[in-house]
Amino acid sequence: MNRTIAEVVVVGGGPVGLTAAIALANAGVETALVAMAGTVDDNRTTALLASSVTALDTLGVWARCADQAAPLMRMRLVDDTARLLRAPEVCFDAAEIGLPAFAYNIENRHLLAALEARARDIPSLQSIAAKAENITVGDSDIVISLSNSGQVSAGLAVGADGRRSLCRAAAGIETESRRYPQTALTFNLAHARPHGETSTEFHTASGPFTLVPLPGLRSSLVFVVDPADVPRLTALDDAGLAGEIERRSHSLVGKITIEPGRGVFPLGAEVARRFGQNRIALVGEAAHVMPPIGAQGLNLGLRDAATIGELVVATRRDGGDVGSRELTDRYERMRRADVTSRSLAVDLLNRSLLSDFLPLQGARGLGLYLLDQIGPLRRAVMREGVAPAASQPRLMRGEAL
Ligand SMILES: Cc1cc2nc3c(=O)[nH]c(=O)nc-3n(C[C@H](O)[C@H](O)[C@H](O)COP(=O)(O)OP(=O)(O)OC[C@H]3O[C@@H](n4cnc5c(N)ncnc54)[C@H](O)[C@@H]3O)c2cc1C
C-alpha cells in the first residue's frame with residue numbers, strides 16, 4: 001500500500017484548499033493535498049477583496065492570473081423593489097479610501113488554474129489525485145484512506161472539502177443551517193456598453209441582481225430569484241434570457257449576449273458549530289456556507305486558509321504539536337468573530353430585501369441613506385469591507401508566514 005506521511009494533510013482541491021496547501025508548503029511545512037479531479041463545470045466568478053489579492057500575491061499566485069481579473073473601482077447599490085419605502089441609490093468609490101479598487105473579479109476557472117500551477121512549483125507540497133474515503137483520528141496523528149488504495153497520515157488535517165465535508169463529520173462537528181426561499185442563477189455576459197469598472201447591485205424583492213465587471217466588454221451576473229421562477233428562466237433560450245436581463249438591468253450595459261454555461265444554486269447558509277477539533281481544522285465551505293451576497297464566501301475562506309497556515313507555522317517553530325487541542329482551539333477563537341459578523345450582515349441584508357415588514361425596509365433605507373450622507377461612516381464601512389478589523393492574518397497584510 002502506498003503510504004504518504006506529511007506534517008499536514010489538506011483535503012479538497014477547491015480554491016480554499018489549494019490556498020491553504022500553498023501557504024503551508026511555501027513556509028516549508030511538509031504538506032499533502034488530497035484533491036479529486038474536478039467534475040463540475042463552474043462558470044462562477046469571484047470578487048476577490050483587495051486583502052485577498054494581497055494574500056494571493058504574497059503566495060506567488062496573483063501574478064499568474066491578474067490579467068484575467070477586472071478591478072471593481074466603484075460599487076453601486078440600487079433599490080429596485082418598487083416598495084413604499086425605498087432606499088436611496090448609494091455609490092462607493094475605492095478612491096475615497098485611497099485604493100485603486102475594492103476587489104478584483106475573476107472567473108473561478110482562471111483562479112483555480114493559477115493556484116494549481118503554483119502548487120505544482122512547491123517541492124514540499126505533494127498533490128495526490130484521489131478522494132478521501134475514511135478518516136481515523138488517533139492520539140498522535142490522523143490517518144486518511146484514499147480511493148486509490150493509498151493512505152496519508154499527518155499531525156493535522158485541514159478540511160477544505162466543501163459543504164458536504166467528510167472531515168467535518170470525522171471531527172464530530174455539527175452545523176447550524178438555514179435555507180432561503182431563493183435560487184441564484186449565474187451567467188457570464190458580453191455587452192455593448194462599458195461597465196466602467198463599476199459593480200451594480202440591483203436590490204429586488206426576490207434578492208440581489210448583481211452585475212460584476214470582467215475584463216473588456218464582459219460582466220458576470222448573479223441573479224437571485226424566487227425558486228418558482230427558475231423553470232421559466234432556465235427554459236429561456238439565450239436570446240430570450242438576454243432580453244430578460246437587459247430589461248432587469250434597465251439596459252445599463254446595452255445589448256447583452258449570453259456566454260455558454262449557466263449555473264443554478266439554491267441558496268442556504270450553514271455554519272459549523274466549531275471550526276476545529278480532533279486534529280481537524282475546517283476551512284472554506286466546510287466551515288461556512290453563505291448566500292452569494294456581498295462577495296463574502298471565498299474571501300472568508302481565504303482568511304481561514306491564511307489563519308491556519310499562520311498558526312501551524314508558529315506552532316511548528318515553537319516545537320509544538322500542529323494537531324494539538326490548543327491549536328484547534330486558537331483557530332476557533334481567531335475565526336469565529338469574522339465568520340459570525342459576516343454571516344449576520346449577509347443574512348440581515350438579504351432578509352431586509354425579502355421582508356414585506358415596513359420597519360425593516362425603513363431601517364435598510366435609513367442605513368443606506370446614512371451611508372450616502374455621512375462621509376466618515378461611509379469610509380469606515382468601505383475599509384471594514386475591504387480589510388475586516390476582526391481578522392487580518394499576516395498573508396492579508398502582505399507578510400510571509
Ligand atoms: C453563485 C455564487 C457566487 C459566488 N460569488 C462569490 C464572490 O463573488 N466572492 C466570494 O468571496 N465568494 C463567492 N461565492 C462563494 C464561493 O464560491 C465559495 O466560498 C467557494 O467556492 C468555496 O471554496 P471551497 O474551496 O471552500 O469549496 P469548494 O470549491 O466546494 O471545494 C471543495 C473541494 O473539495 C473536494 N472534495 C470534497 N470531498 C472530498 C473528498 N472526500 N476527498 C477529496 N476531495 C474532496 C471537491 O471536489 C472540491 O474540489 C459564491 C458562491 C455562489 C454559489
# chains A, B, ... in the order shown; residues from 1 in each chain; ligands from 1
>>> residues_near_ligand(ligand="ligand 1", cutoff="7 Å", atoms="only C-alpha atoms and all ligand atoms", output="number ranges by chain")
A: 11-17, 34-38, 44-48, 130-133, 160-166, 184-186, 222, 265, 283-286, 289, 291-292, 295-301
>>> residues_around(residues="Asn134 in chain A", least_positions_apart="6", cutoff="12 Å", atoms="only C-alpha atoms", output="list in words")
Val11, Ile142, Val143, Ile144, Ser145, Leu146, Ser147, Ser149, Gly150, Gln151, Val152, Ser153, Ser165, Leu166, Cys167, Arg168, Ala169, Ala170 and Ala171 of chain A
>>> write_last_selection(atoms="N, CA and C atoms", output="PDB file, in the first residue's frame")
ATOM      1  N   VAL A  11      -7.432  18.324   2.739  1.00  0.00           N
ATOM      2  CA  VAL A  11      -8.390  17.533   1.960  1.00  0.00           C
ATOM      3  C   VAL A  11      -9.285  18.485   1.172  1.00  0.00           C
ATOM      4  N   ILE A 142      -3.426  11.593  12.382  1.00  0.00           N
ATOM      5  CA  ILE A 142      -4.706  11.340  11.730  1.00  0.00           C
ATOM      6  C   ILE A 142      -4.382  10.535  10.473  1.00  0.00           C
ATOM      7  N   VAL A 143      -5.199   9.514  10.187  1.00  0.00           N
ATOM      8  CA  VAL A 143      -4.893   8.653   9.042  1.00  0.00           C
ATOM      9  C   VAL A 143      -6.085   8.693   8.079  1.00  0.00           C
ATOM     10  N   ILE A 144      -5.793   8.964   6.815  1.00  0.00           N
ATOM     11  CA  ILE A 144      -6.862   9.086   5.815  1.00  0.00           C
ATOM     12  C   ILE A 144      -6.670   7.999   4.755  1.00  0.00           C
ATOM     13  N   SER A 145      -7.723   7.181   4.541  1.00  0.00           N
ATOM     14  CA  SER A 145      -7.675   6.172   3.468  1.00  0.00           C
ATOM     15  C   SER A 145      -8.216   6.798   2.201  1.00  0.00           C
ATOM     16  N   LEU A 146      -7.555   6.484   1.091  1.00  0.00           N
ATOM     17  CA  LEU A 146      -7.876   7.150  -0.174  1.00  0.00           C
ATOM     18  C   LEU A 146      -8.506   6.193  -1.183  1.00  0.00           C
ATOM     19  N   SER A 147      -9.179   6.782  -2.163  1.00  0.00           N
ATOM     20  CA  SER A 147      -9.855   5.967  -3.189  1.00  0.00           C
ATOM     21  C   SER A 147      -8.864   5.215  -4.065  1.00  0.00           C
ATOM     22  N   SER A 149      -6.496   3.442  -2.969  1.00  0.00           N
ATOM     23  CA  SER A 149      -5.984   2.413  -2.039  1.00  0.00           C
ATOM     24  C   SER A 149      -4.798   2.901  -1.221  1.00  0.00           C
ATOM     25  N   GLY A 150      -4.400   4.163  -1.395  1.00  0.00           N
ATOM     26  CA  GLY A 150      -3.301   4.697  -0.592  1.00  0.00           C
ATOM     27  C   GLY A 150      -3.794   5.213   0.756  1.00  0.00           C
ATOM     28  N   GLN A 151      -2.841   5.679   1.558  1.00  0.00           N
ATOM     29  CA  GLN A 151      -3.156   6.258   2.864  1.00  0.00           C
ATOM     30  C   GLN A 151      -2.272   7.483   3.074  1.00  0.00           C
ATOM     31  N   VAL A 152      -2.780   8.457   3.782  1.00  0.00           N
ATOM     32  CA  VAL A 152      -1.949   9.591   4.196  1.00  0.00           C
ATOM     33  C   VAL A 152      -2.075   9.718   5.700  1.00  0.00           C
ATOM     34  N   SER A 153      -0.951   9.942   6.370  1.00  0.00           N
ATOM     35  CA  SER A 153      -1.056  10.270   7.796  1.00  0.00           C
ATOM     36  C   SER A 153      -0.353  11.605   8.034  1.00  0.00           C
ATOM     37  N   SER A 165     -18.713  18.068   3.910  1.00  0.00           N
ATOM     38  CA  SER A 165     -17.358  17.734   4.343  1.00  0.00           C
ATOM     39  C   SER A 165     -17.253  16.420   5.123  1.00  0.00           C
ATOM     40  N   LEU A 166     -16.421  15.516   4.593  1.00  0.00           N
ATOM     41  CA  LEU A 166     -16.104  14.270   5.308  1.00  0.00           C
ATOM     42  C   LEU A 166     -15.269  14.599   6.549  1.00  0.00           C
ATOM     43  N   CYS A 167     -14.369  15.569   6.416  1.00  0.00           N
ATOM     44  CA  CYS A 167     -13.517  15.966   7.557  1.00  0.00           C
ATOM     45  C   CYS A 167     -14.374  16.456   8.723  1.00  0.00           C
ATOM     46  N   ARG A 168     -15.389  17.243   8.394  1.00  0.00           N
ATOM     47  CA  ARG A 168     -16.253  17.785   9.455  1.00  0.00           C
ATOM     48  C   ARG A 168     -16.959  16.647  10.199  1.00  0.00           C
ATOM     49  N   ALA A 169     -17.448  15.671   9.421  1.00  0.00           N
ATOM     50  CA  ALA A 169     -18.115  14.523  10.051  1.00  0.00           C
ATOM     51  C   ALA A 169     -17.109  13.748  10.905  1.00  0.00           C
ATOM     52  N   ALA A 170     -15.882  13.569  10.379  1.00  0.00           N
ATOM     53  CA  ALA A 170     -14.876  12.787  11.125  1.00  0.00           C
ATOM     54  C   ALA A 170     -14.488  13.493  12.422  1.00  0.00           C
ATOM     55  N   ALA A 171     -14.541  14.828  12.417  1.00  0.00           N
ATOM     56  CA  ALA A 171     -14.195  15.583  13.632  1.00  0.00           C
ATOM     57  C   ALA A 171     -15.361  15.589  14.615  1.00  0.00           C
TER      58      ALA A 171
END
>>> select_by_dssp(residues="range 109-324 of chain A", states="strand (DSSP E or B)", output="MDAnalysis selection string")
chainID A and resid 125:128 132:137 142:146 151:154 156:159 175:191 198:204 207:214 218:225 256:258 263:272 276:277 280:282 288:289
